[in-house]
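Data block for run-v3.cif (mmCIF, C-alpha atoms):
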data_query
#
loop_
_atom_site.label_atom_id
_atom_site.label_comp_id
_atom_site.auth_asym_id
_atom_site.auth_seq_id
_atom_site.Cartn_x
_atom_site.Cartn_y
_atom_site.Cartn_z
CA MET A 8 0.00 0.00 0.00
CA ILE A 9 1.52 3.31 -1.09
CA ARG A 10 1.81 6.24 1.32
CA SER A 11 1.64 9.94 0.67
CA MET A 12 4.49 12.21 1.73
CA THR A 13 1.98 14.67 3.22
CA GLY A 14 1.11 14.29 6.87
CA PHE A 15 0.85 15.88 10.31
CA GLY A 16 1.04 14.42 13.80
CA ARG A 17 1.31 15.58 17.39
CA GLY A 18 2.36 13.73 20.52
CA GLU A 19 2.85 14.50 24.21
CA GLU A 20 4.46 12.64 27.10
CA SER A 21 5.20 13.52 30.73
CA ASP A 22 7.37 11.78 33.31
CA GLY A 23 6.47 14.00 36.25
CA MET A 24 9.56 16.19 35.87
CA ARG A 25 9.10 17.36 32.29
CA ASN A 26 6.37 17.40 29.64
CA PHE A 27 7.44 16.93 26.02
CA SER A 28 5.35 18.11 23.10
CA VAL A 29 6.29 16.99 19.57
CA GLU A 30 4.74 18.16 16.30
CA ILE A 31 5.72 16.66 12.94
CA LYS A 32 4.78 17.98 9.52
CA THR A 33 5.81 16.17 6.33
CA VAL A 34 5.61 17.35 2.73
CA ASN A 35 6.84 15.98 -0.58
CA HIS A 36 10.55 16.12 -1.32
CA ARG A 37 12.82 14.23 -3.68
CA TYR A 38 14.96 12.94 -0.81
CA ASN A 39 14.61 12.41 2.94
CA GLU A 40 15.26 15.79 4.56
CA ILE A 41 14.70 16.11 8.31
CA VAL A 42 14.67 19.55 9.94
CA ILE A 43 14.44 19.71 13.75
CA LYS A 44 13.71 22.70 15.95
CA MET A 45 14.28 22.00 19.64
CA PRO A 46 15.63 23.70 22.81
CA LYS A 47 19.38 24.32 22.72
CA HIS A 48 20.08 22.32 25.85
CA LEU A 49 18.59 19.24 24.14
CA LEU A 50 20.52 19.51 20.87
CA HIS A 51 22.70 16.56 21.88
CA LEU A 52 19.61 14.38 21.20
CA GLU A 53 19.09 15.68 17.64
CA GLU A 54 20.83 12.77 15.89
CA LYS A 55 18.86 10.27 17.98
CA VAL A 56 15.63 11.95 16.90
CA LYS A 57 16.64 11.87 13.21
CA LYS A 58 17.67 8.22 13.40
CA HIS A 59 14.37 7.31 15.05
CA ILE A 60 12.32 9.16 12.42
CA LYS A 61 14.17 7.42 9.56
CA LYS A 62 12.84 4.08 10.83
CA PHE A 63 9.37 5.24 9.82
CA ILE A 64 9.86 7.81 7.05
CA SER A 65 12.21 7.23 4.12
CA ARG A 66 11.23 10.05 1.76
CA GLY A 67 9.95 13.60 2.08
CA ARG A 68 10.76 16.75 3.98
CA VAL A 69 10.12 16.23 7.68
CA GLU A 70 9.77 19.26 9.94
CA VAL A 71 9.92 18.45 13.66
CA TYR A 72 9.08 20.89 16.45
CA ILE A 73 10.02 19.79 19.97
CA SER A 74 9.18 21.78 23.10
CA VAL A 75 9.53 20.88 26.76
CA GLU A 76 7.84 22.22 29.87
CA TYR A 77 9.57 21.55 33.19
CA LEU A 78 7.25 20.62 36.04
CA ASP A 79 9.85 20.44 38.83
CA ASP A 80 12.13 23.38 39.74
CA THR A 81 14.82 20.98 40.96
CA THR A 82 15.78 20.55 37.31
CA ILE A 83 16.80 24.21 37.06
CA ASP A 84 20.24 25.64 37.89
CA VAL A 85 20.79 29.40 38.27
CA ASN A 86 24.38 30.44 37.55
CA VAL A 87 25.66 33.96 38.35
CA ASN A 88 28.79 35.22 36.62
CA ILE A 89 30.29 37.34 39.44
CA PRO A 90 33.53 38.31 37.62
CA LEU A 91 31.51 39.55 34.65
CA ALA A 92 29.17 41.52 36.95
CA MET A 93 32.15 43.15 38.67
CA ALA A 94 33.64 44.09 35.30
CA TYR A 95 30.34 45.62 34.20
CA LYS A 96 30.16 47.57 37.49
CA ARG A 97 33.66 48.96 37.10
CA GLY A 98 32.92 49.95 33.54
CA MET A 99 29.70 51.72 34.48
CA GLU A 100 31.41 53.56 37.39
CA SER A 101 34.16 54.67 35.01
CA ILE A 102 31.55 56.17 32.69
CA LEU A 103 29.89 58.01 35.60
CA ASN A 104 33.22 59.44 36.75
CA GLU A 105 34.37 60.51 33.29
CA LEU A 106 31.07 62.20 32.50
CA LYS A 107 30.78 63.62 36.04
CA ILE A 108 27.33 62.11 36.51
CA GLU A 109 26.15 61.73 40.08
CA ASP A 110 24.43 58.35 40.22
CA ASP A 111 24.90 54.90 41.69
CA VAL A 112 25.31 51.57 39.93
CA LYS A 113 22.38 49.49 41.15
CA LEU A 114 21.60 45.78 40.95
CA SER A 115 18.65 46.49 38.67
CA HIS A 116 21.09 47.99 36.16
CA LEU A 117 23.37 44.95 36.22
CA MET A 118 20.49 42.48 35.88
CA THR A 119 19.60 43.90 32.48
CA LEU A 120 23.04 43.13 31.08
CA PRO A 121 23.65 39.91 29.12
CA GLU A 122 25.37 36.77 30.39
CA ILE A 123 25.37 37.77 34.10
CA VAL A 124 22.60 35.37 35.13
CA LYS A 125 21.99 32.13 33.27
CA THR A 126 19.41 29.44 33.89
CA GLU A 127 20.30 25.92 32.85
CA ARG A 128 18.56 22.56 32.97
CA LYS A 129 20.00 19.67 34.90
CA ASP A 130 19.15 17.12 32.22
CA THR A 131 22.30 15.16 32.80
CA ASP A 132 20.72 11.69 32.52
CA GLU A 133 20.31 11.37 28.76
CA ASP A 134 18.52 8.00 28.93
CA VAL A 135 15.80 9.38 31.22
CA VAL A 136 15.22 12.39 29.00
CA TRP A 137 15.24 10.30 25.83
CA ASN A 138 12.79 7.82 27.33
CA CYS A 139 10.23 10.60 27.78
CA LEU A 140 10.98 12.37 24.49
CA SER A 141 10.89 9.17 22.40
CA LYS A 142 7.42 8.31 23.67
CA ALA A 143 6.08 11.71 22.59
CA LEU A 144 7.91 11.26 19.29
CA ASP A 145 6.34 7.82 18.74
CA VAL A 146 2.82 9.19 19.25
CA ALA A 147 3.47 12.01 16.77
CA LEU A 148 4.95 9.58 14.24
CA GLU A 149 2.00 7.22 14.60
CA ASN A 150 -0.40 10.05 13.79
CA VAL A 151 1.75 11.17 10.86
CA MET A 152 1.83 7.67 9.40
CA LYS A 153 -1.94 7.31 9.74
CA MET A 154 -2.47 10.50 7.76
CA ARG A 155 0.11 9.52 5.14
CA THR A 156 -1.57 6.14 4.74
CA VAL A 157 -5.04 7.68 4.33
CA GLU A 158 -3.64 10.11 1.76
CA GLY A 159 -1.95 7.16 0.05
CA VAL A 160 -5.26 5.35 -0.38
CA ALA A 161 -6.72 8.40 -2.14
CA LEU A 162 -3.61 8.72 -4.34
CA LYS A 163 -3.77 5.05 -5.30
CA LYS A 164 -7.43 5.28 -6.25
CA ASP A 165 -6.79 8.23 -8.55
CA ILE A 166 -3.66 6.71 -10.09
CA VAL A 167 -5.39 3.38 -10.80
CA SER A 168 -8.19 5.26 -12.54
CA GLN A 169 -5.64 7.04 -14.73
CA LEU A 170 -3.85 3.75 -15.48
CA ASN A 171 -7.13 2.22 -16.61
CA ASN A 172 -7.52 5.10 -19.06
CA LEU A 173 -3.99 4.46 -20.32
CA GLU A 174 -4.78 0.80 -20.96
CA ILE A 175 -7.84 1.79 -23.01
CA LEU A 176 -5.90 4.35 -25.06
CA ILE A 177 -2.90 2.11 -25.77
CA GLY A 178 -5.35 -0.66 -26.70
CA GLU A 179 -6.92 1.64 -29.29
CA ILE A 180 -3.49 2.42 -30.71
CA GLU A 181 -2.67 -1.30 -30.86
CA LYS A 182 -5.87 -2.03 -32.78
CA ARG A 183 -5.39 0.89 -35.13
CA ALA A 184 -1.73 0.20 -36.05
CA PRO A 185 -2.27 -2.72 -38.53
CA LEU A 186 -5.00 -0.78 -40.35
CA VAL A 187 -2.63 2.13 -40.98
CA VAL A 188 -0.43 -0.01 -43.24
CA LEU A 189 -3.40 -1.37 -45.19
CA GLU A 190 -4.81 2.11 -45.68
CA TYR A 191 -1.41 3.37 -46.77
CA LYS A 192 -1.20 0.62 -49.39
CA GLU A 193 -4.60 1.51 -50.83
CA LYS A 194 -3.84 5.24 -50.88
CA LEU A 195 -0.46 4.64 -52.50
CA LYS A 196 -2.02 2.35 -55.07
CA ASP A 197 -4.66 4.93 -55.98
CA ARG A 198 -2.11 7.74 -56.14
CA VAL A 199 0.22 5.78 -58.44
CA ALA A 200 -2.67 4.71 -60.64
CA LYS A 201 -3.67 8.33 -61.20
CA LEU A 202 -0.12 9.31 -62.13
CA ILE A 203 0.70 6.60 -64.66
CA ASP A 204 -0.75 6.27 -68.15
CA GLU A 205 -3.94 4.32 -68.48
CA GLY A 206 -2.23 1.86 -70.74
CA SER A 207 0.63 1.16 -68.35
CA ASP A 208 0.62 -1.69 -65.86
CA LEU A 209 0.95 -1.08 -62.14
CA ASP A 210 4.22 -2.48 -60.79
CA GLU A 211 2.88 -4.56 -57.90
CA GLU A 212 6.35 -5.63 -56.82
CA ARG A 213 7.54 -2.05 -56.49
CA LEU A 214 4.33 -1.11 -54.73
CA ASN A 215 4.69 -3.90 -52.21
CA TYR A 216 8.30 -2.88 -51.60
CA GLU A 217 7.23 0.66 -50.72
CA VAL A 218 4.51 -0.70 -48.41
CA VAL A 219 7.04 -2.92 -46.63
CA LEU A 220 9.34 0.05 -46.09
CA PHE A 221 6.46 2.08 -44.68
CA ALA A 222 5.39 -0.79 -42.42
CA ASP A 223 8.92 -1.17 -41.09
CA LYS A 224 9.33 2.56 -40.35
CA SER A 225 5.94 2.85 -38.67
CA ASP A 226 6.07 -0.42 -36.70
CA ILE A 227 5.20 0.38 -33.07
CA ASN A 228 4.61 -3.14 -31.79
CA GLU A 229 7.69 -3.20 -29.54
CA GLU A 230 6.85 0.18 -28.02
CA VAL A 231 3.25 -0.87 -27.37
CA VAL A 232 4.36 -4.10 -25.68
CA ARG A 233 6.85 -2.24 -23.46
CA PHE A 234 4.28 0.41 -22.62
CA LYS A 235 1.75 -2.21 -21.52
CA SER A 236 4.47 -3.94 -19.50
CA HIS A 237 5.23 -0.67 -17.68
CA ILE A 238 1.55 -0.27 -16.82
CA SER A 239 1.52 -3.79 -15.37
CA GLN A 240 4.67 -3.09 -13.30
CA PHE A 241 3.15 0.18 -12.11
CA ILE A 242 0.00 -1.55 -10.86
CA GLN A 243 2.04 -4.25 -9.10
CA SER A 244 4.21 -1.61 -7.42
CA LEU A 245 1.15 0.10 -5.96
CA GLU A 246 0.55 -3.03 -3.85
CA LEU A 247 4.04 -3.13 -2.32
CA THR A 248 4.55 -2.17 1.32
CA ASP A 249 8.02 -0.68 0.75
CA PRO A 250 8.43 2.93 -0.46
CA VAL A 251 8.00 2.93 -4.25
CA GLY A 252 7.93 6.62 -5.17
CA ARG A 253 11.27 6.58 -6.99
CA LYS A 254 10.36 3.41 -8.88
CA LEU A 255 7.08 4.96 -10.01
CA ASP A 256 8.99 8.06 -11.13
CA PHE A 257 11.20 5.84 -13.29
CA LEU A 258 8.24 3.98 -14.81
CA ILE A 259 6.56 7.27 -15.73
CA GLN A 260 9.75 8.36 -17.50
CA GLU A 261 9.91 5.08 -19.42
CA MET A 262 6.25 5.30 -20.45
CA ASN A 263 6.84 8.84 -21.69
CA ARG A 264 9.83 7.58 -23.67
CA GLU A 265 7.76 4.83 -25.34
CA ILE A 266 4.80 7.05 -26.16
CA ASN A 267 7.09 9.71 -27.64
CA THR A 268 8.58 7.07 -29.93
CA ILE A 269 5.12 5.90 -30.94
CA GLY A 270 4.18 9.49 -31.74
CA SER A 271 7.28 10.01 -33.88
CA LYS A 272 6.63 6.82 -35.87
CA ALA A 273 2.90 7.32 -36.30
CA ASN A 274 1.64 8.47 -39.68
CA ASP A 275 -1.95 8.43 -38.63
CA LEU A 276 -4.13 11.18 -37.15
CA GLU A 277 -6.12 8.81 -34.92
CA ILE A 278 -2.95 7.35 -33.36
CA ILE A 279 -1.47 10.81 -32.85
CA ASN A 280 -4.65 11.98 -31.08
CA ASN A 281 -4.42 8.99 -28.74
CA VAL A 282 -0.72 9.72 -28.15
CA VAL A 283 -1.64 13.27 -27.09
CA ASN A 284 -4.31 11.93 -24.72
CA ILE A 285 -1.87 9.40 -23.23
CA LYS A 286 0.74 12.10 -22.61
CA SER A 287 -1.91 14.16 -20.83
CA GLN A 288 -2.82 11.18 -18.62
CA LEU A 289 0.86 10.51 -17.88
CA GLU A 290 1.33 14.09 -16.74
CA LYS A 291 -1.59 13.75 -14.32
CA ILE A 292 -0.09 10.54 -12.92
CA ARG A 293 3.36 12.15 -12.68
CA GLU A 294 1.92 14.97 -10.57
CA GLN A 295 0.36 12.43 -8.20
CA VAL A 296 3.51 10.31 -8.04
CA GLN A 297 5.46 13.38 -6.87
CA ASN A 298 3.71 12.96 -3.52
CA VAL A 299 4.22 9.20 -3.15
CA GLU A 300 6.81 8.06 -0.60
#
Please go through the file and, once you have read it, give me the structure as structure tokens.
Amino acid sequence: MIRSMTGFGRGEESDGMRNFSVEIKTVNHRYNEIVIKMPKHLLHLEEKVKKHIKKFISRGRVEVYISVEYLDDTTIDVNVNIPLAMAYKRGMESILNELKIEDDVKLSHLMTLPEIVKTERKDTDEDVVWNCLSKALDVALENVMKMRTVEGVALKKDIVSQLNNLEILIGEIEKRAPLVVLEYKEKLKDRVAKLIDEGSDLDEERLNYEVVLFADKSDINEEVVRFKSHISQFIQSLELTDPVGRKLDFLIQEMNREINTIGSKANDLEIINNVVNIKSQLEKIREQVQNVE
């Protein structure tokens, strides 16, 4: 069953000390691109998150948003940079003295300056943190995969409908091809008969030679067989559980190649009209395949 590359999922998990919230949005992309936005103090877990996501998603752009709310203040450290505060104070007093401004350097002034007070999390036990985060991640991934699967069902239904149209159109081309040669022979025979003198005999051998040349140049049997084979492979691929987006891309390219060859060989308006219709159907399928994982 094919899956779409479009999906959204959200998951939460709490262990009493922290509450993780994970949101995942996926869209179509040629490769597997994972972009993660998470708190700086948890960046050491980024590769673990990517590796975990790749177990479920093999193609598409994956945007992950991770936030954490701490429920216990024992996980917070407050660090004061005393040397930096003293340096700031000396600098501010120097400005006051140089400019002869009568004022005092107060704590409220220092607290507005950067890097003096820092709050940090005590998430030193990586396994404990990952245990909580991974559970929220799993819930979000489960919801994403459900949506991608539902979207995949709709994609498959539309693609199968388009493939059925292709089978009908290529079947019409296959039936029409032998008649083209016969009609060419009759037209050529009539044209030659009008050009030669009434008393002259029609050179059947030469006529048949020209018809054989035409039949050889306009023979599309191999292209039709390959085209029908590609349709069959396409339908079979839609039933596979593994990601097949790239394979379907390749099959679309091959079908376009075959139908272009058929169009270049065709010397018949009806076949050319069907070629145009097939190329239109292939473009519709190609657009849908762009969103298949």
Which residues of range 66-106 of chain A have any atom within 10 Å of an atom in range 48-59 of chain A when counting only C-alpha atoms, and what is the closest pair of atoms for each, with the distance in Å to one decimal? Order the rows by chain and rising number and write it as JSON lines.
{"residue": "A:Val69", "atom": "CA", "partner": "A:Lys57", "partner_atom": "CA", "distance": 9.6}
{"residue": "A:Val71", "atom": "CA", "partner": "A:Val56", "partner_atom": "CA", "distance": 9.2}
{"residue": "A:Ile73", "atom": "CA", "partner": "A:Leu49", "partner_atom": "CA", "distance": 9.5}
{"residue": "A:Ser74", "atom": "CA", "partner": "A:Leu49", "partner_atom": "CA", "distance": 9.8}
{"residue": "A:Val75", "atom": "CA", "partner": "A:Leu49", "partner_atom": "CA", "distance": 9.6}
Expected selection from the PyMOL selection byres ((chain A and resi 10-20) around 8), given as a tab-separated table (two decimals) with C-alpha atoms, keeping the file's coordinate frame:
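The resulting file, selection-v4.tsv, is shown below:
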chain	number	residue	atom	x	y	z
A	8	MET	CA	0.00	0.00	0.00
A	9	ILE	CA	1.52	3.31	-1.09
A	21	SER	CA	5.20	13.52	30.73
A	22	ASP	CA	7.37	11.78	33.31
A	26	ASN	CA	6.37	17.40	29.64
A	27	PHE	CA	7.44	16.93	26.02
A	28	SER	CA	5.35	18.11	23.10
A	29	VAL	CA	6.29	16.99	19.57
A	30	GLU	CA	4.74	18.16	16.30
A	31	ILE	CA	5.72	16.66	12.94
A	32	LYS	CA	4.78	17.98	9.52
A	33	THR	CA	5.81	16.17	6.33
A	34	VAL	CA	5.61	17.35	2.73
A	35	ASN	CA	6.84	15.98	-0.58
A	36	HIS	CA	10.55	16.12	-1.32
A	66	ARG	CA	11.23	10.05	1.76
A	67	GLY	CA	9.95	13.60	2.08
A	139	CYS	CA	10.23	10.60	27.78
A	140	LEU	CA	10.98	12.37	24.49
A	142	LYS	CA	7.42	8.31	23.67
A	143	ALA	CA	6.08	11.71	22.59
A	144	LEU	CA	7.91	11.26	19.29
A	145	ASP	CA	6.34	7.82	18.74
A	146	VAL	CA	2.82	9.19	19.25
A	147	ALA	CA	3.47	12.01	16.77
A	148	LEU	CA	4.95	9.58	14.24
A	149	GLU	CA	2.00	7.22	14.60
A	150	ASN	CA	-0.40	10.05	13.79
A	151	VAL	CA	1.75	11.17	10.86
A	152	MET	CA	1.83	7.67	9.40
A	154	MET	CA	-2.47	10.50	7.76
A	155	ARG	CA	0.11	9.52	5.14
A	156	THR	CA	-1.57	6.14	4.74
A	157	VAL	CA	-5.04	7.68	4.33
A	158	GLU	CA	-3.64	10.11	1.76
A	159	GLY	CA	-1.95	7.16	0.05
A	160	VAL	CA	-5.26	5.35	-0.38
A	162	LEU	CA	-3.61	8.72	-4.34
A	250	PRO	CA	8.43	2.93	-0.46
A	298	ASN	CA	3.71	12.96	-3.52
A	299	VAL	CA	4.22	9.20	-3.15
A	300	GLU	CA	6.81	8.06	-0.60
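Put simply, CA of Gln288 in chain A is 25.2 Å away from CA of Asp249 in chain A.
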*If you apply the PyMOL selection byres ((chain A and resi 269-274) around 12) to this file, what residues do you get, as a count of residues only?*
44
*Quick one: apply the PyMOL selection byres ((chain A and resi 238) around 10) to the file and drop the selected residues here as a list in words.*
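For this structure, the PyMOL selection byres ((chain A and resi 238) around 10) resolves to Val167, Leu170, Asn171, Leu173, Glu174, Arg233, Phe234, Lys235, Ser236, His237, Ser239, Gln240, Phe241, Ile242, Gln243, Ser244, Leu258, Ile259 and Met262 of chain A.
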*Kindly give the distance, in Å, that separates CA of Glu100 in chain A and CA of His116 in chain A, rounded to a single decimal.*
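Computing it gives 11.8 Å between the two atoms.
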_Straight-line distance linking CA of Ser168 in chain A with CA of Leu289 in chain A, stated in Å to one decimal_ =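 Between these atoms lies a distance of 11.7 Å.
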*Skipping near chain neighbours, those fewer than 5 positions away, what residues fall within 9 Å of Lys291 in chain A using all atoms listed in the file, listed as number ranges by chain?*
A: 166, 169, 286, 296
*Counting only C-alpha atoms, figure out which residue out of A:Lys61, A:Lys125, A:Lys254, A:Lys107 gets nearest to Asn86 in chain A.*
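Using only C-alpha atoms, Asn86 in chain A sits closest to A:Lys125.
The closest residue to Phe63 in chain A, picked from A:Val112, A:Asn39, A:Ser287, A:Met93 and counting only C-alpha atoms, is A:Asn39.
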